[in-house]
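Chemist: Input file: my_file-v5.txt. Contents: compact mmCIF, C-alpha atoms.
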# COMPACT_ATOMS: atom_id res chain seq x y z
CA ASP A 1 0.00 0.00 0.00
CA THR A 2 1.76 3.16 -1.21
CA GLU A 3 -1.13 5.50 -0.66
CA VAL A 4 -1.60 8.55 1.44
CA THR A 5 -5.30 9.09 2.01
CA GLN A 6 -6.71 12.52 2.78
CA THR A 7 -10.25 13.31 3.85
CA PRO A 8 -12.36 15.15 3.01
CA LYS A 9 -11.54 15.88 -0.63
CA HIS A 10 -13.44 19.17 -0.50
CA LEU A 11 -14.41 21.34 2.46
CA VAL A 12 -16.32 24.59 2.67
CA MET A 13 -16.30 26.26 6.06
CA GLY A 14 -17.33 29.54 7.59
CA MET A 15 -14.92 31.77 9.44
CA THR A 16 -16.40 30.78 12.81
CA ASN A 17 -16.38 27.05 12.16
CA LYS A 18 -14.07 24.40 13.57
CA LYS A 19 -13.12 21.58 11.23
CA SER A 20 -10.37 18.98 10.86
CA LEU A 21 -8.47 17.58 7.93
CA LYS A 22 -7.33 13.98 8.17
CA CYS A 23 -4.42 12.11 6.63
CA GLU A 24 -3.56 8.43 6.87
CA GLN A 25 -0.70 6.26 5.61
CA HIS A 26 0.20 2.62 6.19
CA MET A 27 3.68 2.55 4.70
CA GLY A 28 5.43 2.64 8.07
CA HIS A 29 6.73 6.13 7.36
CA ARG A 30 7.81 8.03 10.45
CA ALA A 31 7.83 11.53 8.95
CA MET A 32 4.59 13.24 8.00
CA TYR A 33 4.00 16.69 6.54
CA TRP A 34 1.34 19.30 5.94
CA TYR A 35 1.68 21.63 2.96
CA LYS A 36 -0.52 24.48 1.78
CA GLN A 37 -0.76 25.25 -1.93
CA LYS A 38 -2.39 28.27 -3.52
CA ALA A 39 -3.32 28.28 -7.20
CA LYS A 40 -0.35 28.38 -9.57
CA LYS A 41 2.11 28.37 -6.66
CA PRO A 42 4.37 25.65 -5.24
CA PRO A 43 3.43 23.77 -2.08
CA GLU A 44 4.50 25.64 1.06
CA LEU A 45 5.60 23.56 4.02
CA MET A 46 3.54 24.12 7.17
CA PHE A 47 4.46 21.37 9.64
CA VAL A 48 6.69 18.32 9.91
CA TYR A 49 6.21 15.46 12.35
CA SER A 50 9.06 13.05 12.96
CA TYR A 51 8.37 9.97 15.06
CA GLU A 52 5.04 11.48 16.09
CA LYS A 53 6.67 14.63 17.45
CA LEU A 54 6.36 18.07 15.90
CA SER A 55 9.81 18.84 14.52
CA ILE A 56 9.15 21.80 12.27
CA ASN A 57 6.53 24.57 12.42
CA GLU A 58 7.07 27.07 9.64
CA SER A 59 5.65 29.97 11.65
CA VAL A 60 2.12 28.91 10.87
CA PRO A 61 -0.69 30.94 12.52
CA SER A 62 -2.23 29.28 15.58
CA ARG A 63 -5.59 28.96 13.83
CA PHE A 64 -3.97 25.88 12.26
CA SER A 65 -3.28 23.19 14.85
CA PRO A 66 -1.61 19.92 13.83
CA GLU A 67 -1.92 16.65 15.68
CA CYS A 68 -0.26 13.27 15.20
CA PRO A 69 -2.24 10.71 17.25
CA ASN A 70 -0.12 7.78 16.08
CA SER A 71 2.43 6.85 13.44
CA SER A 72 -0.23 6.38 10.74
CA LEU A 73 -2.43 9.41 11.29
CA LEU A 74 -2.00 13.14 10.93
CA ASN A 75 -4.69 15.72 11.56
CA LEU A 76 -4.91 19.43 10.92
CA HIS A 77 -7.42 21.22 13.11
CA LEU A 78 -8.83 24.44 11.71
CA HIS A 79 -10.45 27.23 13.70
CA ALA A 80 -11.39 30.80 12.89
CA LEU A 81 -9.88 30.70 9.42
CA GLN A 82 -9.82 33.61 7.01
CA PRO A 83 -10.85 33.61 3.34
CA GLU A 84 -7.17 33.90 2.36
CA ASP A 85 -6.62 30.47 3.96
CA SER A 86 -8.58 28.94 1.08
CA ALA A 87 -6.15 26.60 -0.67
CA LEU A 88 -5.28 22.98 -1.44
CA TYR A 89 -3.92 21.32 1.70
CA LEU A 90 -1.57 18.45 1.00
CA CYS A 91 -0.38 15.75 3.35
CA ALA A 92 2.76 13.74 2.68
CA SER A 93 4.83 11.06 4.35
CA SER A 94 8.35 9.73 4.01
CA GLN A 95 10.81 7.50 5.76
CA VAL A 96 13.48 8.94 8.00
CA ILE A 97 17.03 7.77 7.37
CA LYS A 98 18.34 7.08 10.85
CA THR A 99 21.93 7.88 9.97
CA GLY A 100 20.89 11.52 9.88
CA ARG A 101 21.14 11.73 6.15
CA GLY A 102 17.70 13.04 5.52
CA HIS A 103 14.57 11.41 4.22
CA THR A 104 13.43 9.15 1.44
CA GLU A 105 11.04 10.25 -1.25
CA ALA A 106 7.74 11.68 -0.05
CA PHE A 107 4.38 10.26 -1.00
CA PHE A 108 1.58 12.81 -1.30
CA GLY A 109 -2.14 12.53 -0.85
CA GLN A 110 -4.53 14.08 -3.36
CA GLY A 111 -5.22 16.97 -1.04
CA THR A 112 -8.20 18.67 0.54
CA ARG A 113 -9.57 21.63 -1.39
CA LEU A 114 -10.55 24.09 1.35
CA THR A 115 -12.77 27.10 0.79
CA VAL A 116 -13.33 29.56 3.63
CA VAL A 117 -16.41 31.72 3.25
CA SER B 1 16.32 29.07 2.60
CA GLN B 2 17.08 25.91 0.65
CA GLN B 3 14.27 26.50 -1.81
CA GLY B 4 15.02 25.30 -5.31
CA GLU B 5 14.67 27.65 -8.24
CA GLU B 6 13.50 26.13 -11.50
CA ASP B 7 14.22 27.35 -14.96
CA PRO B 8 12.43 27.89 -17.27
CA GLN B 9 9.13 28.87 -15.62
CA ALA B 10 7.20 27.57 -18.63
CA LEU B 11 8.10 25.27 -21.49
CA SER B 12 6.01 24.36 -24.52
CA ILE B 13 7.14 21.60 -26.90
CA GLN B 14 5.76 19.19 -29.49
CA GLU B 15 5.12 15.55 -28.73
CA GLY B 16 8.25 13.49 -29.34
CA GLU B 17 10.65 16.29 -28.44
CA ASN B 18 12.83 16.29 -25.32
CA ALA B 19 12.18 18.63 -22.40
CA THR B 20 14.89 19.87 -20.06
CA MET B 21 14.24 21.64 -16.79
CA ASN B 22 16.88 23.05 -14.47
CA CYS B 23 16.99 23.59 -10.74
CA SER B 24 19.46 25.63 -8.70
CA TYR B 25 19.81 25.74 -4.93
CA LYS B 26 21.89 27.60 -2.38
CA THR B 27 23.46 25.38 0.27
CA SER B 28 24.73 21.81 0.59
CA ILE B 29 22.13 19.08 0.41
CA ASN B 30 21.37 15.52 1.51
CA ASN B 31 19.38 14.85 -1.61
CA LEU B 32 17.30 16.50 -4.29
CA GLN B 33 13.93 15.26 -5.44
CA TRP B 34 11.84 15.93 -8.53
CA TYR B 35 8.05 15.83 -8.46
CA ARG B 36 5.27 16.17 -11.00
CA GLN B 37 1.87 17.69 -10.35
CA ASN B 38 -1.10 17.52 -12.65
CA SER B 39 -3.47 20.43 -12.29
CA GLY B 40 -5.08 20.61 -8.85
CA ARG B 41 -3.93 17.17 -7.76
CA GLY B 42 -1.35 15.72 -5.41
CA LEU B 43 2.33 15.56 -6.25
CA VAL B 44 3.89 12.43 -7.68
CA HIS B 45 7.48 11.62 -6.83
CA LEU B 46 9.67 11.09 -9.90
CA ILE B 47 13.29 10.67 -8.84
CA LEU B 48 15.43 11.19 -5.73
CA ILE B 49 19.14 11.78 -6.31
CA ARG B 50 21.53 11.77 -3.39
CA SER B 51 24.36 14.23 -2.94
CA ASN B 52 26.97 11.59 -3.79
CA GLU B 53 25.25 10.66 -7.06
CA ARG B 54 25.73 12.42 -10.36
CA GLU B 55 23.06 10.89 -12.58
CA LYS B 56 19.96 8.73 -12.29
CA HIS B 57 17.58 7.28 -14.82
CA SER B 58 14.00 6.13 -14.58
CA GLY B 59 12.30 5.18 -17.82
CA ARG B 60 12.24 8.31 -20.02
CA LEU B 61 13.52 10.47 -17.16
CA ARG B 62 17.14 11.40 -16.58
CA VAL B 63 18.27 13.52 -13.64
CA THR B 64 21.73 14.96 -13.18
CA LEU B 65 23.21 16.62 -10.13
CA ASP B 66 26.23 18.91 -10.02
CA THR B 67 26.94 19.74 -6.39
CA SER B 68 29.83 22.03 -7.33
CA LYS B 69 27.41 24.23 -9.26
CA LYS B 70 24.52 23.54 -6.87
CA SER B 71 22.30 22.60 -9.77
CA SER B 72 20.24 19.72 -11.11
CA SER B 73 18.47 19.03 -14.35
CA LEU B 74 15.53 16.86 -15.32
CA LEU B 75 15.38 15.57 -18.89
CA ILE B 76 12.22 13.98 -20.25
CA THR B 77 12.89 12.21 -23.53
CA ALA B 78 10.36 11.50 -26.28
CA SER B 79 7.72 13.58 -24.53
CA ARG B 80 4.03 12.71 -24.65
CA ALA B 81 0.92 14.84 -24.20
CA ALA B 82 0.41 13.06 -20.86
CA ASP B 83 3.66 14.62 -19.61
CA THR B 84 1.88 17.99 -19.51
CA ALA B 85 2.14 19.04 -15.86
CA SER B 86 4.07 21.22 -13.43
CA TYR B 87 7.48 19.90 -12.38
CA PHE B 88 9.09 20.85 -9.08
CA CYS B 89 12.50 20.26 -7.61
CA ALA B 90 12.82 19.93 -3.85
CA PRO B 91 16.31 20.03 -2.37
CA GLU B 92 16.72 18.75 1.18
CA GLY B 93 19.41 20.74 2.96
CA HIS B 94 21.85 19.20 5.45
CA ASN B 95 20.21 19.01 8.89
CA ALA B 96 17.19 20.83 7.51
CA GLY B 97 14.79 17.96 8.12
CA LYS B 98 12.69 19.11 5.23
CA SER B 99 12.52 19.64 1.49
CA THR B 100 11.34 22.97 0.11
CA PHE B 101 9.78 23.33 -3.32
CA GLY B 102 10.78 25.84 -5.94
CA ASP B 103 8.28 27.69 -8.13
CA GLY B 104 8.25 24.89 -10.68
CA THR B 105 8.32 24.57 -14.44
CA THR B 106 5.01 24.29 -16.26
CA LEU B 107 5.47 21.91 -19.18
CA THR B 108 2.99 21.78 -22.05
CA VAL B 109 3.40 19.00 -24.60
CA LYS B 110 1.32 19.59 -27.72
CA PRO B 111 0.01 16.54 -29.59
Show me, as structure tokens, the structure contained in the file I just sent.
Modeler:
Amino acid sequence: DTEVTQTPKHLVMGMTNKKSLKCEQHMGHRAMYWYKQKAKKPPELMFVYSYEKLSINESVPSRFSPECPNSSLLNLHLHALQPEDSALYLCASSQVIKTGRGHTEAFFGQGTRLTVV
Amino acid sequence: SQQGEEDPQALSIQEGENATMNCSYKTSINNLQWYRQNSGRGLVHLILIRSNEREKHSGRLRVTLDTSKKSSSLLITASRAADTASYFCAPEGHNAGKSTFGDGTTLTVKP
């Protein structure tokens, strides 16, 4: 199984709503990522989890709250978002090379298309 | 920042022709990865090349890495209309723990 599954595929939410994006992988990968991608732009890294611990937060506003309940799951909790947060949110996973020489290739989900109204 | 910078930004070719995209980066790396993205969908990993490698092949894809020039290239041979997509390089810097995408090259292959 080389899939990263993201749900939901589409989400429309109001600025006062609370919602969560979910990501799941069963490849045994110990690094998981959230990216945000606006139209015609490259993916921008938001968060990295390594061995279920948050290792990188790219100065993301607190209205985005990541959670890694176990090695297969990654959530992104959303609260009080703004219309400019509308984007494609991508989850990815990769293996960590324990010798400290980085990561293997990342596998991406198909993304959640988020619209904030 | 270890963000890659792709060149050209856009490339339009006829089916059957070769397409070459270039990527430059700033600091030393563990590896450099190339990804493809069809419009509005997730990214697909193409090739990972490590810092001690100079060239890798996968089917019609050929990637080179020149660490002295801090640059990489992706060559797609005998292009097909289905190769139409955006292509991104993602260098992973030493001790960075992450790969960062460049702006990408948008490739259009005309039938």
Chemist: Tell me, as a list of chain:residue names, which residues lie within 8 Å of segment 30-47 of chain B, counting all atoms listed in the file; anything in the same chain fewer than 5 positions away does not count.
Modeler: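 Returned residues: A:Leu88, A:Leu90, A:Arg101, A:Gly102, A:Glu105, A:Ala106, A:Phe107, A:Phe108, A:Gly109, A:Gln110, A:Gly111, B:Lys56, B:Ser58, B:Val63, B:Leu74, B:Thr84, B:Ala85, B:Ser86, B:Tyr87, B:Phe88, B:Cys89, B:Ala90, B:Pro91, B:Glu92, B:Gly93, B:His94.
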Chemist: Considering all atoms listed in the file, state which residue in the set B:Thr108, B:Ser71, B:Thr77, B:Thr100 is at the smallest distance from chain A.
Modeler: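 Counting all atoms listed in the file, the residue closest to chain A is B:Thr100.
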Chemist: Hey, list the chain A side of the contact with chain B: 10 Å cut-off, all atoms listed in the file, answer as number ranges by chain.
Modeler: A: 4, 31, 33, 37-45, 47-50, 55-56, 88-92, 96, 100-113
Chemist: I'd like the neighbourhood of Leu11 of chain A as a count of residues only, where a residue qualifies if any of its atoms comes within 9 Å (using all atoms listed in the file), though same-chain residues fewer than 6 positions away should be ignored.
Modeler: 7
Chemist: Counting all atoms listed in the file, what is within 9 Å of Ser79 of chain B, bar same-chain residues fewer than 3 positions away, as a PyMOL selection string?
Modeler: chain B and resi 13-19+60+76+82-84+109
Chemist: Just checking: using all atoms listed in the file, which residue out of B:Thr27, B:Gln9, B:Thr20, B:Asn52 ends up closest to Lys69 of chain B?
Modeler: B:Thr27
Chemist: Which residue, A:Cys23, A:Ala87, A:Ile97, A:Met46, has the smallest gap to Asn70 of chain A when you use all atoms listed in the file?
Modeler: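 For Asn70 of chain A, the nearest of the candidates is A:Cys23.
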Chemist: In Å, how far is it from atom CA of Glu55 of chain B to atom CA of Ala10 of chain B?
Modeler: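 It comes out at 23.8 Å.
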Chemist: List as a list in words the residues having at least one atom at most 10 Å from position (20.3, 24.4, -10.1) as given in the file, counting all atoms listed in the file.
Modeler: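 Here is the list of nearby residues: Gly4, Glu5, Glu6, Asp7, Met21, Asn22, Cys23, Ser24, Tyr25, Lys26, Leu65, Asp66, Thr67, Lys69, Lys70, Ser71, Ser72, Ser73, Cys89 and Pro91 of chain B.
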Chemist: May I have the selected residues written with C-alpha atoms, as a PDB file, in the coordinates of the input?
Modeler:
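The resulting file, part01.pdb, is shown below:
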ATOM      1  CA  GLY B   4      15.020  25.300  -5.310  1.00  0.00           C
ATOM      2  CA  GLU B   5      14.670  27.650  -8.240  1.00  0.00           C
ATOM      3  CA  GLU B   6      13.500  26.130 -11.500  1.00  0.00           C
ATOM      4  CA  ASP B   7      14.220  27.350 -14.960  1.00  0.00           C
ATOM      5  CA  MET B  21      14.240  21.640 -16.790  1.00  0.00           C
ATOM      6  CA  ASN B  22      16.880  23.050 -14.470  1.00  0.00           C
ATOM      7  CA  CYS B  23      16.990  23.590 -10.740  1.00  0.00           C
ATOM      8  CA  SER B  24      19.460  25.630  -8.700  1.00  0.00           C
ATOM      9  CA  TYR B  25      19.810  25.740  -4.930  1.00  0.00           C
ATOM     10  CA  LYS B  26      21.890  27.600  -2.380  1.00  0.00           C
ATOM     11  CA  LEU B  65      23.210  16.620 -10.130  1.00  0.00           C
ATOM     12  CA  ASP B  66      26.230  18.910 -10.020  1.00  0.00           C
ATOM     13  CA  THR B  67      26.940  19.740  -6.390  1.00  0.00           C
ATOM     14  CA  LYS B  69      27.410  24.230  -9.260  1.00  0.00           C
ATOM     15  CA  LYS B  70      24.520  23.540  -6.870  1.00  0.00           C
ATOM     16  CA  SER B  71      22.300  22.600  -9.770  1.00  0.00           C
ATOM     17  CA  SER B  72      20.240  19.720 -11.110  1.00  0.00           C
ATOM     18  CA  SER B  73      18.470  19.030 -14.350  1.00  0.00           C
ATOM     19  CA  CYS B  89      12.500  20.260  -7.610  1.00  0.00           C
ATOM     20  CA  PRO B  91      16.310  20.030  -2.370  1.00  0.00           C
TER      21      PRO B  91
END
Chemist: Hey, could you pull the box centre and edge lengths for segment 44-56 of chain B, axis-aligned, 8 Å padding per side, all listed atoms, to one decimal in Å, as JSON?
Modeler:
{"center_x": 15.4, "center_y": 11.5, "center_z": -7.8, "size_x": 39.1, "size_y": 21.5, "size_z": 25.6}
Chemist: Can you tell me which residues surround Met13 of chain A at a distance of at most 10 Å, considering only C-alpha atoms, apart from same-chain residues fewer than 3 positions away, and format the answer as an mmCIF file with C-alpha atoms, in the frame of the given file?
Modeler:
data_model
loop_
_atom_site.group_PDB
_atom_site.id
_atom_site.type_symbol
_atom_site.label_atom_id
_atom_site.label_comp_id
_atom_site.auth_asym_id
_atom_site.auth_seq_id
_atom_site.Cartn_x
_atom_site.Cartn_y
_atom_site.Cartn_z
ATOM 1 C CA THR A 16 -16.400 30.780 12.810
ATOM 2 C CA ASN A 17 -16.380 27.050 12.160
ATOM 3 C CA LYS A 18 -14.070 24.400 13.570
ATOM 4 C CA LYS A 19 -13.120 21.580 11.230
ATOM 5 C CA LEU A 78 -8.830 24.440 11.710
ATOM 6 C CA HIS A 79 -10.450 27.230 13.700
ATOM 7 C CA ALA A 80 -11.390 30.800 12.890
ATOM 8 C CA LEU A 81 -9.880 30.700 9.420
ATOM 9 C CA GLN A 82 -9.820 33.610 7.010
ATOM 10 C CA PRO A 83 -10.850 33.610 3.340
ATOM 11 C CA SER A 86 -8.580 28.940 1.080
ATOM 12 C CA LEU A 114 -10.550 24.090 1.350
ATOM 13 C CA THR A 115 -12.770 27.100 0.790
ATOM 14 C CA VAL A 116 -13.330 29.560 3.630
ATOM 15 C CA VAL A 117 -16.410 31.720 3.250
#
Chemist: In Å, how far is it from atom CA of Glu58 of chain A to atom CA of Gly14 of chain A?
Modeler: 24.6 Å
Chemist: Leaving out segment 67-69 of chain A and any residue of its chain fewer than 6 positions from it, which residues lie within 7 Å of it when counting only C-alpha atoms, given as a list in words?
Modeler: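 Final neighbour list, sorted by chain and number: Glu52, Asn75 and Leu76 of chain A.
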